[in-house]
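Trainee: This is query07.pdb, which holds PDB, N, CA and C atoms:
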ATOM      1  N   MET A   1     169.004  56.701 106.187  1.00  0.00           N
ATOM      2  CA  MET A   1     169.962  57.284 107.081  1.00  0.00           C
ATOM      3  C   MET A   1     169.454  57.151 108.513  1.00  0.00           C
ATOM      4  N   ALA A   2     170.318  56.784 109.405  1.00  0.00           N
ATOM      5  CA  ALA A   2     169.943  56.414 110.765  1.00  0.00           C
ATOM      6  C   ALA A   2     169.250  57.516 111.556  1.00  0.00           C
ATOM      7  N   LEU A   3     169.585  58.776 111.338  1.00  0.00           N
ATOM      8  CA  LEU A   3     168.982  59.864 112.113  1.00  0.00           C
ATOM      9  C   LEU A   3     167.626  60.299 111.578  1.00  0.00           C
ATOM     10  N   ALA A   4     167.296  59.928 110.355  1.00  0.00           N
ATOM     11  CA  ALA A   4     166.056  60.386 109.731  1.00  0.00           C
ATOM     12  C   ALA A   4     164.845  59.920 110.527  1.00  0.00           C
ATOM     13  N   GLY A   5     163.930  60.849 110.802  1.00  0.00           N
ATOM     14  CA  GLY A   5     162.713  60.532 111.523  1.00  0.00           C
ATOM     15  C   GLY A   5     162.081  61.779 112.101  1.00  0.00           C
ATOM     16  N   THR A   6     161.023  61.580 112.879  1.00  0.00           N
ATOM     17  CA  THR A   6     160.310  62.664 113.538  1.00  0.00           C
ATOM     18  C   THR A   6     160.678  62.641 115.009  1.00  0.00           C
ATOM     19  N   TYR A   7     160.915  63.830 115.566  1.00  0.00           N
ATOM     20  CA  TYR A   7     161.338  63.957 116.961  1.00  0.00           C
ATOM     21  C   TYR A   7     160.462  64.972 117.671  1.00  0.00           C
ATOM     22  N   ALA A   8     160.221  64.728 118.970  1.00  0.00           N
ATOM     23  CA  ALA A   8     159.500  65.669 119.819  1.00  0.00           C
ATOM     24  C   ALA A   8     160.483  66.245 120.825  1.00  0.00           C
ATOM     25  N   GLY A   9     160.380  67.540 121.042  1.00  0.00           N
ATOM     26  CA  GLY A   9     161.248  68.213 121.999  1.00  0.00           C
ATOM     27  C   GLY A   9     160.453  69.253 122.751  1.00  0.00           C
ATOM     28  N   SER A  10     161.104  70.335 123.101  1.00  0.00           N
ATOM     29  CA  SER A  10     160.403  71.394 123.817  1.00  0.00           C
ATOM     30  C   SER A  10     160.729  72.736 123.183  1.00  0.00           C
ATOM     31  N   GLY A  11     159.914  73.744 123.517  1.00  0.00           N
ATOM     32  CA  GLY A  11     160.143  75.088 122.991  1.00  0.00           C
ATOM     33  C   GLY A  11     160.086  75.126 121.475  1.00  0.00           C
ATOM     34  N   SER A  12     161.059  75.792 120.873  1.00  0.00           N
ATOM     35  CA  SER A  12     161.058  75.935 119.413  1.00  0.00           C
ATOM     36  C   SER A  12     161.389  74.632 118.700  1.00  0.00           C
ATOM     37  N   PHE A  13     161.792  73.609 119.441  1.00  0.00           N
ATOM     38  CA  PHE A  13     162.092  72.309 118.843  1.00  0.00           C
ATOM     39  C   PHE A  13     161.007  71.283 119.152  1.00  0.00           C
ATOM     40  N   ALA A  14     159.789  71.739 119.468  1.00  0.00           N
ATOM     41  CA  ALA A  14     158.698  70.842 119.845  1.00  0.00           C
ATOM     42  C   ALA A  14     158.400  69.824 118.747  1.00  0.00           C
ATOM     43  N   GLU A  15     158.366  70.248 117.520  1.00  0.00           N
ATOM     44  CA  GLU A  15     158.132  69.339 116.386  1.00  0.00           C
ATOM     45  C   GLU A  15     159.290  69.491 115.423  1.00  0.00           C
ATOM     46  N   THR A  16     160.178  68.506 115.434  1.00  0.00           N
ATOM     47  CA  THR A  16     161.391  68.551 114.616  1.00  0.00           C
ATOM     48  C   THR A  16     161.454  67.307 113.763  1.00  0.00           C
ATOM     49  N   GLU A  17     161.867  67.482 112.524  1.00  0.00           N
ATOM     50  CA  GLU A  17     161.977  66.353 111.605  1.00  0.00           C
ATOM     51  C   GLU A  17     163.361  66.360 110.970  1.00  0.00           C
ATOM     52  N   ILE A  18     163.953  65.193 110.891  1.00  0.00           N
ATOM     53  CA  ILE A  18     165.212  65.030 110.163  1.00  0.00           C
ATOM     54  C   ILE A  18     164.909  64.126 108.982  1.00  0.00           C
ATOM     55  N   HIS A  19     165.227  64.608 107.793  1.00  0.00           N
ATOM     56  CA  HIS A  19     164.914  63.821 106.605  1.00  0.00           C
ATOM     57  C   HIS A  19     166.087  63.826 105.633  1.00  0.00           C
ATOM     58  N   ALA A  20     166.123  62.784 104.825  1.00  0.00           N
ATOM     59  CA  ALA A  20     167.176  62.628 103.821  1.00  0.00           C
ATOM     60  C   ALA A  20     166.637  63.049 102.464  1.00  0.00           C
ATOM     61  N   VAL A  21     167.421  63.858 101.764  1.00  0.00           N
ATOM     62  CA  VAL A  21     167.077  64.289 100.407  1.00  0.00           C
ATOM     63  C   VAL A  21     168.333  64.126  99.555  1.00  0.00           C
ATOM     64  N   GLY A  22     168.289  63.216  98.605  1.00  0.00           N
ATOM     65  CA  GLY A  22     169.421  63.027  97.715  1.00  0.00           C
ATOM     66  C   GLY A  22     170.723  62.705  98.430  1.00  0.00           C
ATOM     67  N   GLY A  23     170.653  61.921  99.503  1.00  0.00           N
ATOM     68  CA  GLY A  23     171.850  61.549 100.231  1.00  0.00           C
ATOM     69  C   GLY A  23     172.317  62.553 101.264  1.00  0.00           C
ATOM     70  N   ALA A  24     171.609  63.687 101.397  1.00  0.00           N
ATOM     71  CA  ALA A  24     171.958  64.710 102.391  1.00  0.00           C
ATOM     72  C   ALA A  24     170.896  64.716 103.491  1.00  0.00           C
ATOM     73  N   LEU A  25     171.305  65.060 104.706  1.00  0.00           N
ATOM     74  CA  LEU A  25     170.376  65.156 105.828  1.00  0.00           C
ATOM     75  C   LEU A  25     169.991  66.612 106.079  1.00  0.00           C
ATOM     76  N   TYR A  26     168.728  66.826 106.440  1.00  0.00           N
ATOM     77  CA  TYR A  26     168.212  68.154 106.774  1.00  0.00           C
ATOM     78  C   TYR A  26     167.399  68.077 108.052  1.00  0.00           C
ATOM     79  N   LEU A  27     167.483  69.102 108.882  1.00  0.00           N
ATOM     80  CA  LEU A  27     166.652  69.245 110.063  1.00  0.00           C
ATOM     81  C   LEU A  27     165.626  70.324 109.761  1.00  0.00           C
ATOM     82  N   SER A  28     164.355  69.987 109.937  1.00  0.00           N
ATOM     83  CA  SER A  28     163.269  70.937 109.682  1.00  0.00           C
ATOM     84  C   SER A  28     162.464  71.135 110.951  1.00  0.00           C
ATOM     85  N   ARG A  29     162.129  72.387 111.225  1.00  0.00           N
ATOM     86  CA  ARG A  29     161.187  72.733 112.292  1.00  0.00           C
ATOM     87  C   ARG A  29     160.400  73.914 111.775  1.00  0.00           C
ATOM     88  N   GLY A  30     159.134  73.693 111.561  1.00  0.00           N
ATOM     89  CA  GLY A  30     158.313  74.721 110.929  1.00  0.00           C
ATOM     90  C   GLY A  30     158.822  74.985 109.524  1.00  0.00           C
ATOM     91  N   ALA A  31     158.954  76.263 109.165  1.00  0.00           N
ATOM     92  CA  ALA A  31     159.424  76.634 107.832  1.00  0.00           C
ATOM     93  C   ALA A  31     160.953  76.642 107.730  1.00  0.00           C
ATOM     94  N   ASP A  32     161.636  76.494 108.856  1.00  0.00           N
ATOM     95  CA  ASP A  32     163.101  76.535 108.885  1.00  0.00           C
ATOM     96  C   ASP A  32     163.675  75.160 108.548  1.00  0.00           C
ATOM     97  N   ARG A  33     164.611  75.130 107.603  1.00  0.00           N
ATOM     98  CA  ARG A  33     165.245  73.872 107.188  1.00  0.00           C
ATOM     99  C   ARG A  33     166.750  74.092 107.112  1.00  0.00           C
ATOM    100  N   ARG A  34     167.497  73.288 107.846  1.00  0.00           N
ATOM    101  CA  ARG A  34     168.958  73.414 107.910  1.00  0.00           C
ATOM    102  C   ARG A  34     169.625  72.117 107.485  1.00  0.00           C
ATOM    103  N   ARG A  35     170.704  72.239 106.748  1.00  0.00           N
ATOM    104  CA  ARG A  35     171.488  71.083 106.305  1.00  0.00           C
ATOM    105  C   ARG A  35     172.342  70.579 107.462  1.00  0.00           C
ATOM    106  N   ILE A  36     172.404  69.269 107.597  1.00  0.00           N
ATOM    107  CA  ILE A  36     173.241  68.620 108.602  1.00  0.00           C
ATOM    108  C   ILE A  36     174.446  68.027 107.884  1.00  0.00           C
ATOM    109  N   VAL A  37     175.630  68.322 108.379  1.00  0.00           N
ATOM    110  CA  VAL A  37     176.840  67.724 107.807  1.00  0.00           C
ATOM    111  C   VAL A  37     177.555  66.937 108.894  1.00  0.00           C
ATOM    112  N   ARG A  38     178.137  65.824 108.496  1.00  0.00           N
ATOM    113  CA  ARG A  38     178.920  65.020 109.437  1.00  0.00           C
ATOM    114  C   ARG A  38     180.377  65.412 109.288  1.00  0.00           C
ATOM    115  N   LEU A  39     180.985  65.778 110.387  1.00  0.00           N
ATOM    116  CA  LEU A  39     182.374  66.200 110.386  1.00  0.00           C
ATOM    117  C   LEU A  39     183.303  64.985 110.431  1.00  0.00           C
ATOM    118  N   ALA A  40     184.563  65.189 110.118  1.00  0.00           N
ATOM    119  CA  ALA A  40     185.542  64.097 110.064  1.00  0.00           C
ATOM    120  C   ALA A  40     185.661  63.367 111.399  1.00  0.00           C
ATOM    121  N   ASP A  41     185.425  64.071 112.497  1.00  0.00           N
ATOM    122  CA  ASP A  41     185.536  63.438 113.817  1.00  0.00           C
ATOM    123  C   ASP A  41     184.241  62.754 114.259  1.00  0.00           C
ATOM    124  N   GLY A  42     183.226  62.688 113.371  1.00  0.00           N
ATOM    125  CA  GLY A  42     181.974  61.992 113.657  1.00  0.00           C
ATOM    126  C   GLY A  42     180.867  62.861 114.222  1.00  0.00           C
ATOM    127  N   ARG A  43     181.157  64.110 114.580  1.00  0.00           N
ATOM    128  CA  ARG A  43     180.121  65.010 115.076  1.00  0.00           C
ATOM    129  C   ARG A  43     179.233  65.474 113.929  1.00  0.00           C
ATOM    130  N   TYR A  44     178.017  65.911 114.264  1.00  0.00           N
ATOM    131  CA  TYR A  44     177.082  66.462 113.288  1.00  0.00           C
ATOM    132  C   TYR A  44     176.939  67.955 113.539  1.00  0.00           C
ATOM    133  N   LEU A  45     177.010  68.760 112.486  1.00  0.00           N
ATOM    134  CA  LEU A  45     176.901  70.216 112.576  1.00  0.00           C
ATOM    135  C   LEU A  45     175.714  70.683 111.744  1.00  0.00           C
ATOM    136  N   LEU A  46     174.924  71.606 112.313  1.00  0.00           N
ATOM    137  CA  LEU A  46     173.818  72.221 111.578  1.00  0.00           C
ATOM    138  C   LEU A  46     174.340  73.486 110.923  1.00  0.00           C
ATOM    139  N   LEU A  47     174.343  73.527 109.612  1.00  0.00           N
ATOM    140  CA  LEU A  47     174.864  74.686 108.895  1.00  0.00           C
ATOM    141  C   LEU A  47     173.967  75.901 109.106  1.00  0.00           C
ATOM    142  N   GLY A  48     174.584  77.063 109.222  1.00  0.00           N
ATOM    143  CA  GLY A  48     173.847  78.314 109.366  1.00  0.00           C
ATOM    144  C   GLY A  48     173.295  78.567 110.751  1.00  0.00           C
ATOM    145  N   THR A  49     173.842  77.906 111.785  1.00  0.00           N
ATOM    146  CA  THR A  49     173.311  78.063 113.143  1.00  0.00           C
ATOM    147  C   THR A  49     174.366  78.532 114.142  1.00  0.00           C
ATOM    148  N   SER A  50     175.464  79.056 113.677  1.00  0.00           N
ATOM    149  CA  SER A  50     176.538  79.544 114.560  1.00  0.00           C
ATOM    150  C   SER A  50     177.064  78.467 115.498  1.00  0.00           C
ATOM    151  N   GLY A  51     177.274  77.277 114.962  1.00  0.00           N
ATOM    152  CA  GLY A  51     177.927  76.225 115.728  1.00  0.00           C
ATOM    153  C   GLY A  51     177.034  75.259 116.467  1.00  0.00           C
ATOM    154  N   LEU A  52     175.748  75.203 116.140  1.00  0.00           N
ATOM    155  CA  LEU A  52     174.853  74.247 116.785  1.00  0.00           C
ATOM    156  C   LEU A  52     175.174  72.845 116.274  1.00  0.00           C
ATOM    157  N   GLU A  53     175.382  71.917 117.202  1.00  0.00           N
ATOM    158  CA  GLU A  53     175.719  70.542 116.849  1.00  0.00           C
ATOM    159  C   GLU A  53     174.655  69.582 117.345  1.00  0.00           C
ATOM    160  N   ILE A  54     174.626  68.406 116.754  1.00  0.00           N
ATOM    161  CA  ILE A  54     173.741  67.336 117.202  1.00  0.00           C
ATOM    162  C   ILE A  54     174.601  66.297 117.905  1.00  0.00           C
ATOM    163  N   ASP A  55     174.296  66.066 119.178  1.00  0.00           N
ATOM    164  CA  ASP A  55     174.940  64.992 119.923  1.00  0.00           C
ATOM    165  C   ASP A  55     174.097  63.752 119.681  1.00  0.00           C
ATOM    166  N   ALA A  56     174.643  62.809 118.920  1.00  0.00           N
ATOM    167  CA  ALA A  56     173.902  61.617 118.524  1.00  0.00           C
ATOM    168  C   ALA A  56     174.369  60.382 119.288  1.00  0.00           C
ATOM    169  N   SER A  57     174.928  60.578 120.477  1.00  0.00           N
ATOM    170  CA  SER A  57     175.450  59.436 121.233  1.00  0.00           C
ATOM    171  C   SER A  57     174.355  58.458 121.651  1.00  0.00           C
ATOM    172  N   ASP A  58     173.104  58.908 121.759  1.00  0.00           N
ATOM    173  CA  ASP A  58     171.975  58.033 122.092  1.00  0.00           C
ATOM    174  C   ASP A  58     171.054  57.819 120.891  1.00  0.00           C
ATOM    175  N   ALA A  59     171.546  58.104 119.694  1.00  0.00           N
ATOM    176  CA  ALA A  59     170.730  57.993 118.476  1.00  0.00           C
ATOM    177  C   ALA A  59     170.428  56.530 118.187  1.00  0.00           C
ATOM    178  N   PRO A  60     169.328  56.236 117.514  1.00  0.00           N
ATOM    179  CA  PRO A  60     168.356  57.203 117.003  1.00  0.00           C
ATOM    180  C   PRO A  60     167.241  57.538 117.985  1.00  0.00           C
ATOM    181  N   ALA A  61     167.226  56.954 119.185  1.00  0.00           N
ATOM    182  CA  ALA A  61     166.124  57.182 120.121  1.00  0.00           C
ATOM    183  C   ALA A  61     166.087  58.605 120.665  1.00  0.00           C
ATOM    184  N   ARG A  62     167.251  59.195 120.906  1.00  0.00           N
ATOM    185  CA  ARG A  62     167.304  60.526 121.507  1.00  0.00           C
ATOM    186  C   ARG A  62     168.487  61.305 120.941  1.00  0.00           C
ATOM    187  N   LEU A  63     168.257  62.581 120.662  1.00  0.00           N
ATOM    188  CA  LEU A  63     169.300  63.482 120.186  1.00  0.00           C
ATOM    189  C   LEU A  63     169.358  64.695 121.103  1.00  0.00           C
ATOM    190  N   ARG A  64     170.523  65.306 121.200  1.00  0.00           N
ATOM    191  CA  ARG A  64     170.678  66.553 121.939  1.00  0.00           C
ATOM    192  C   ARG A  64     171.232  67.609 120.997  1.00  0.00           C
ATOM    193  N   LEU A  65     170.673  68.795 121.034  1.00  0.00           N
ATOM    194  CA  LEU A  65     171.208  69.917 120.277  1.00  0.00           C
ATOM    195  C   LEU A  65     172.063  70.719 121.235  1.00  0.00           C
ATOM    196  N   VAL A  66     173.337  70.856 120.900  1.00  0.00           N
ATOM    197  CA  VAL A  66     174.293  71.479 121.817  1.00  0.00           C
ATOM    198  C   VAL A  66     175.077  72.580 121.117  1.00  0.00           C
ATOM    199  N   ARG A  67     175.504  73.541 121.922  1.00  0.00           N
ATOM    200  CA  ARG A  67     176.427  74.579 121.461  1.00  0.00           C
ATOM    201  C   ARG A  67     177.494  74.658 122.543  1.00  0.00           C
ATOM    202  N   GLY A  68     178.684  74.195 122.205  1.00  0.00           N
ATOM    203  CA  GLY A  68     179.740  74.110 123.205  1.00  0.00           C
ATOM    204  C   GLY A  68     179.369  73.072 124.246  1.00  0.00           C
ATOM    205  N   ASP A  69     179.383  73.465 125.516  1.00  0.00           N
ATOM    206  CA  ASP A  69     179.013  72.558 126.612  1.00  0.00           C
ATOM    207  C   ASP A  69     177.554  72.686 127.010  1.00  0.00           C
ATOM    208  N   ARG A  70     176.813  73.537 126.330  1.00  0.00           N
ATOM    209  CA  ARG A  70     175.423  73.834 126.704  1.00  0.00           C
ATOM    210  C   ARG A  70     174.425  73.030 125.868  1.00  0.00           C
ATOM    211  N   VAL A  71     173.542  72.294 126.532  1.00  0.00           N
ATOM    212  CA  VAL A  71     172.470  71.548 125.856  1.00  0.00           C
ATOM    213  C   VAL A  71     171.300  72.503 125.657  1.00  0.00           C
ATOM    214  N   LEU A  72     170.930  72.749 124.392  1.00  0.00           N
ATOM    215  CA  LEU A  72     169.833  73.674 124.088  1.00  0.00           C
ATOM    216  C   LEU A  72     168.490  72.964 123.973  1.00  0.00           C
ATOM    217  N   ALA A  73     168.512  71.698 123.575  1.00  0.00           N
ATOM    218  CA  ALA A  73     167.269  70.938 123.439  1.00  0.00           C
ATOM    219  C   ALA A  73     167.574  69.454 123.424  1.00  0.00           C
ATOM    220  N   GLU A  74     166.643  68.686 123.965  1.00  0.00           N
ATOM    221  CA  GLU A  74     166.705  67.237 123.862  1.00  0.00           C
ATOM    222  C   GLU A  74     165.511  66.798 123.030  1.00  0.00           C
ATOM    223  N   LEU A  75     165.780  65.950 122.070  1.00  0.00           N
ATOM    224  CA  LEU A  75     164.730  65.474 121.162  1.00  0.00           C
ATOM    225  C   LEU A  75     164.573  63.978 121.311  1.00  0.00           C
ATOM    226  N   GLU A  76     163.325  63.527 121.390  1.00  0.00           N
ATOM    227  CA  GLU A  76     163.037  62.104 121.488  1.00  0.00           C
ATOM    228  C   GLU A  76     162.341  61.652 120.220  1.00  0.00           C
ATOM    229  N   ARG A  77     162.803  60.551 119.661  1.00  0.00           N
ATOM    230  CA  ARG A  77     162.244  60.054 118.401  1.00  0.00           C
ATOM    231  C   ARG A  77     160.817  59.563 118.604  1.00  0.00           C
ATOM    232  N   THR A  78     159.921  60.016 117.724  1.00  0.00           N
ATOM    233  CA  THR A  78     158.516  59.608 117.787  1.00  0.00           C
ATOM    234  C   THR A  78     158.074  58.824 116.561  1.00  0.00           C
ATOM    235  N   GLY A  79     158.886  58.834 115.496  1.00  0.00           N
ATOM    236  CA  GLY A  79     158.526  58.104 114.285  1.00  0.00           C
ATOM    237  C   GLY A  79     159.655  58.057 113.290  1.00  0.00           C
ATOM    238  N   ASP A  80     159.554  57.102 112.377  1.00  0.00           N
ATOM    239  CA  ASP A  80     160.541  56.957 111.316  1.00  0.00           C
ATOM    240  C   ASP A  80     160.141  57.758 110.110  1.00  0.00           C
ATOM    241  N   GLU A  81     161.131  58.069 109.273  1.00  0.00           N
ATOM    242  CA  GLU A  81     160.841  58.807 108.035  1.00  0.00           C
ATOM    243  C   GLU A  81     160.237  57.863 107.039  1.00  0.00           C
TER     244      GLU A  81
END
Output the file's structure in the form of structure tokens.

Mentor:
Amino acid sequence: MALAGTYAGSGSFAETEIHAVGGALYLSRGADRRRIVRLADGRYLLLGTSGLEIDASDAPARLRLVRGDRVLAELERTGDE
């Protein structure tokens, strides 16, 4: 899966990993693991985060975690899964 890999960011997203398990994508940071679902309009949503989305317009090199119009974190790819 194209988004799978290791990413570096800042704050609580300093070490973030996206990995594929059985055809599903998950975002992990520390002990927290959230399922990523792709919506019909092509956006990615992190389940259980009150609407946190992944802006993958610059993927796979860079991802943005957004809620509405607000960018909460920018992640830069540092390695492949």

Trainee: So which residues get picked by the PyMOL selection byres (((chain A and resi 42 and name CA) around 12) and name CA) here, written as a list in words?

Mentor: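 That selection, the PyMOL selection byres (((chain A and resi 42 and name CA) around 12) and name CA), comes back as Val37, Arg38, Leu39, Ala40, Asp41, Arg43, Tyr44, Leu45, Glu53, Ile54, Asp55, Ala56 and Ser57 of chain A.
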
Trainee: Between CA of Arg33 in chain A and CA of Ala59 in chain A, what is the distance, to one decimal in Å?

Mentor: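 Answer for the CA of Arg33 in chain A to CA of Ala59 in chain A separation: 20.2 Å.
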
Trainee: Using the chain letters and residue numbers of this document, give as a list in words the residues selected by the PyMOL selection byres (((chain A and resi 80 and name CA) around 12) and name CA).

Mentor: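 Expected selection for the PyMOL selection byres (((chain A and resi 80 and name CA) around 12) and name CA) here is Met1, Ala2, Leu3, Ala4, Gly5, Thr6, Tyr7, Glu17, Ile18, His19, Ala20, Pro60, Ala61, Glu76, Arg77, Thr78, Gly79 and Glu81 of chain A.
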
Trainee: Those residues with N, CA and C atoms, as a compact mmCIF listing (two decimals), in the frame of the given file please?

Mentor:
# COMPACT_ATOMS: atom_id res chain seq x y z
N MET A 1 169.00 56.70 106.19
CA MET A 1 169.96 57.28 107.08
C MET A 1 169.45 57.15 108.51
N ALA A 2 170.32 56.78 109.40
CA ALA A 2 169.94 56.41 110.76
C ALA A 2 169.25 57.52 111.56
N LEU A 3 169.58 58.78 111.34
CA LEU A 3 168.98 59.86 112.11
C LEU A 3 167.63 60.30 111.58
N ALA A 4 167.30 59.93 110.36
CA ALA A 4 166.06 60.39 109.73
C ALA A 4 164.84 59.92 110.53
N GLY A 5 163.93 60.85 110.80
CA GLY A 5 162.71 60.53 111.52
C GLY A 5 162.08 61.78 112.10
N THR A 6 161.02 61.58 112.88
CA THR A 6 160.31 62.66 113.54
C THR A 6 160.68 62.64 115.01
N TYR A 7 160.92 63.83 115.57
CA TYR A 7 161.34 63.96 116.96
C TYR A 7 160.46 64.97 117.67
N GLU A 17 161.87 67.48 112.52
CA GLU A 17 161.98 66.35 111.60
C GLU A 17 163.36 66.36 110.97
N ILE A 18 163.95 65.19 110.89
CA ILE A 18 165.21 65.03 110.16
C ILE A 18 164.91 64.13 108.98
N HIS A 19 165.23 64.61 107.79
CA HIS A 19 164.91 63.82 106.60
C HIS A 19 166.09 63.83 105.63
N ALA A 20 166.12 62.78 104.82
CA ALA A 20 167.18 62.63 103.82
C ALA A 20 166.64 63.05 102.46
N PRO A 60 169.33 56.24 117.51
CA PRO A 60 168.36 57.20 117.00
C PRO A 60 167.24 57.54 117.98
N ALA A 61 167.23 56.95 119.18
CA ALA A 61 166.12 57.18 120.12
C ALA A 61 166.09 58.60 120.66
N GLU A 76 163.32 63.53 121.39
CA GLU A 76 163.04 62.10 121.49
C GLU A 76 162.34 61.65 120.22
N ARG A 77 162.80 60.55 119.66
CA ARG A 77 162.24 60.05 118.40
C ARG A 77 160.82 59.56 118.60
N THR A 78 159.92 60.02 117.72
CA THR A 78 158.52 59.61 117.79
C THR A 78 158.07 58.82 116.56
N GLY A 79 158.89 58.83 115.50
CA GLY A 79 158.53 58.10 114.28
C GLY A 79 159.66 58.06 113.29
N GLU A 81 161.13 58.07 109.27
CA GLU A 81 160.84 58.81 108.04
C GLU A 81 160.24 57.86 107.04

Trainee: Hey, can you check how far atom C of Arg70 in chain A sits from atom C of Val21 in chain A?

Mentor: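 So the two atoms, atom C of Arg70 in chain A and atom C of Val21 in chain A, lie 28.4 Å apart.
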
Trainee: Need the shell around Ile36 in chain A: protein/DNA/RNA residues with any atom at most 6 Å away, counting all atoms listed in the file. Skip same-chain ones fewer than 5 positions apart. Format as a PyMOL selection string?

Mentor: chain A and resi 25-27+45-47

Trainee: So what do you get for atom C of Gly48 in chain A versus CA of Arg35 in chain A, distance-wise?

Mentor: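 These two atoms are separated by 8.9 Å.
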
Trainee: Which residues, written as a list in words, have at least one atom at most 7 Å from Glu74 in chain A, with only C-alpha atoms counted and residues fewer than 4 positions away on the same chain left out?

Mentor: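 Counting only C-alpha atoms, the residues come to Gly9, Leu63, Arg64 and Leu65 of chain A.
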
Trainee: Write a file of the just-selected residues containing N, CA and C atoms, as an mmCIF file, keeping the file's coordinate frame.

Mentor:
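The resulting file, out-v2.cif, is reproduced below:
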data_model
loop_
_atom_site.group_PDB
_atom_site.id
_atom_site.type_symbol
_atom_site.label_atom_id
_atom_site.label_comp_id
_atom_site.auth_asym_id
_atom_site.auth_seq_id
_atom_site.Cartn_x
_atom_site.Cartn_y
_atom_site.Cartn_z
ATOM 1 N N GLY A 9 160.380 67.540 121.042
ATOM 2 C CA GLY A 9 161.248 68.213 121.999
ATOM 3 C C GLY A 9 160.453 69.253 122.751
ATOM 4 N N LEU A 63 168.257 62.581 120.662
ATOM 5 C CA LEU A 63 169.300 63.482 120.186
ATOM 6 C C LEU A 63 169.358 64.695 121.103
ATOM 7 N N ARG A 64 170.523 65.306 121.200
ATOM 8 C CA ARG A 64 170.678 66.553 121.939
ATOM 9 C C ARG A 64 171.232 67.609 120.997
ATOM 10 N N LEU A 65 170.673 68.795 121.034
ATOM 11 C CA LEU A 65 171.208 69.917 120.277
ATOM 12 C C LEU A 65 172.063 70.719 121.235
#

Trainee: Write down as a VMD selection string the residues belonging to chain A that are assigned strand (DSSP E) by DSSP computed on the backbone.

Mentor: chain A and resid 5 to 8 15 to 21 24 to 29 32 to 38 44 to 46 53 to 55 62 to 67 70 to 80

Trainee: Would you compute an axis-aligned box for range 13-17 of chain A, covering every atom listed for it in the file with 5 Å of margin on each side, and report centre and edge lengths in Å to one decimal as JSON?

Mentor:
{"center_x": 160.7, "center_y": 70.0, "center_z": 115.4, "size_x": 15.2, "size_y": 17.3, "size_z": 18.9}

Trainee: Would you pick out the contacts of Ala8 in chain A at 6 Å or less, using only C-alpha atoms, so that residues sharing its chain but fewer than 3 positions from it are not included, and give the list as a list in words?

Mentor: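 Near Ala8 in chain A, the qualifying residues are Ala14, Glu15, Leu75 and Glu76 of chain A.
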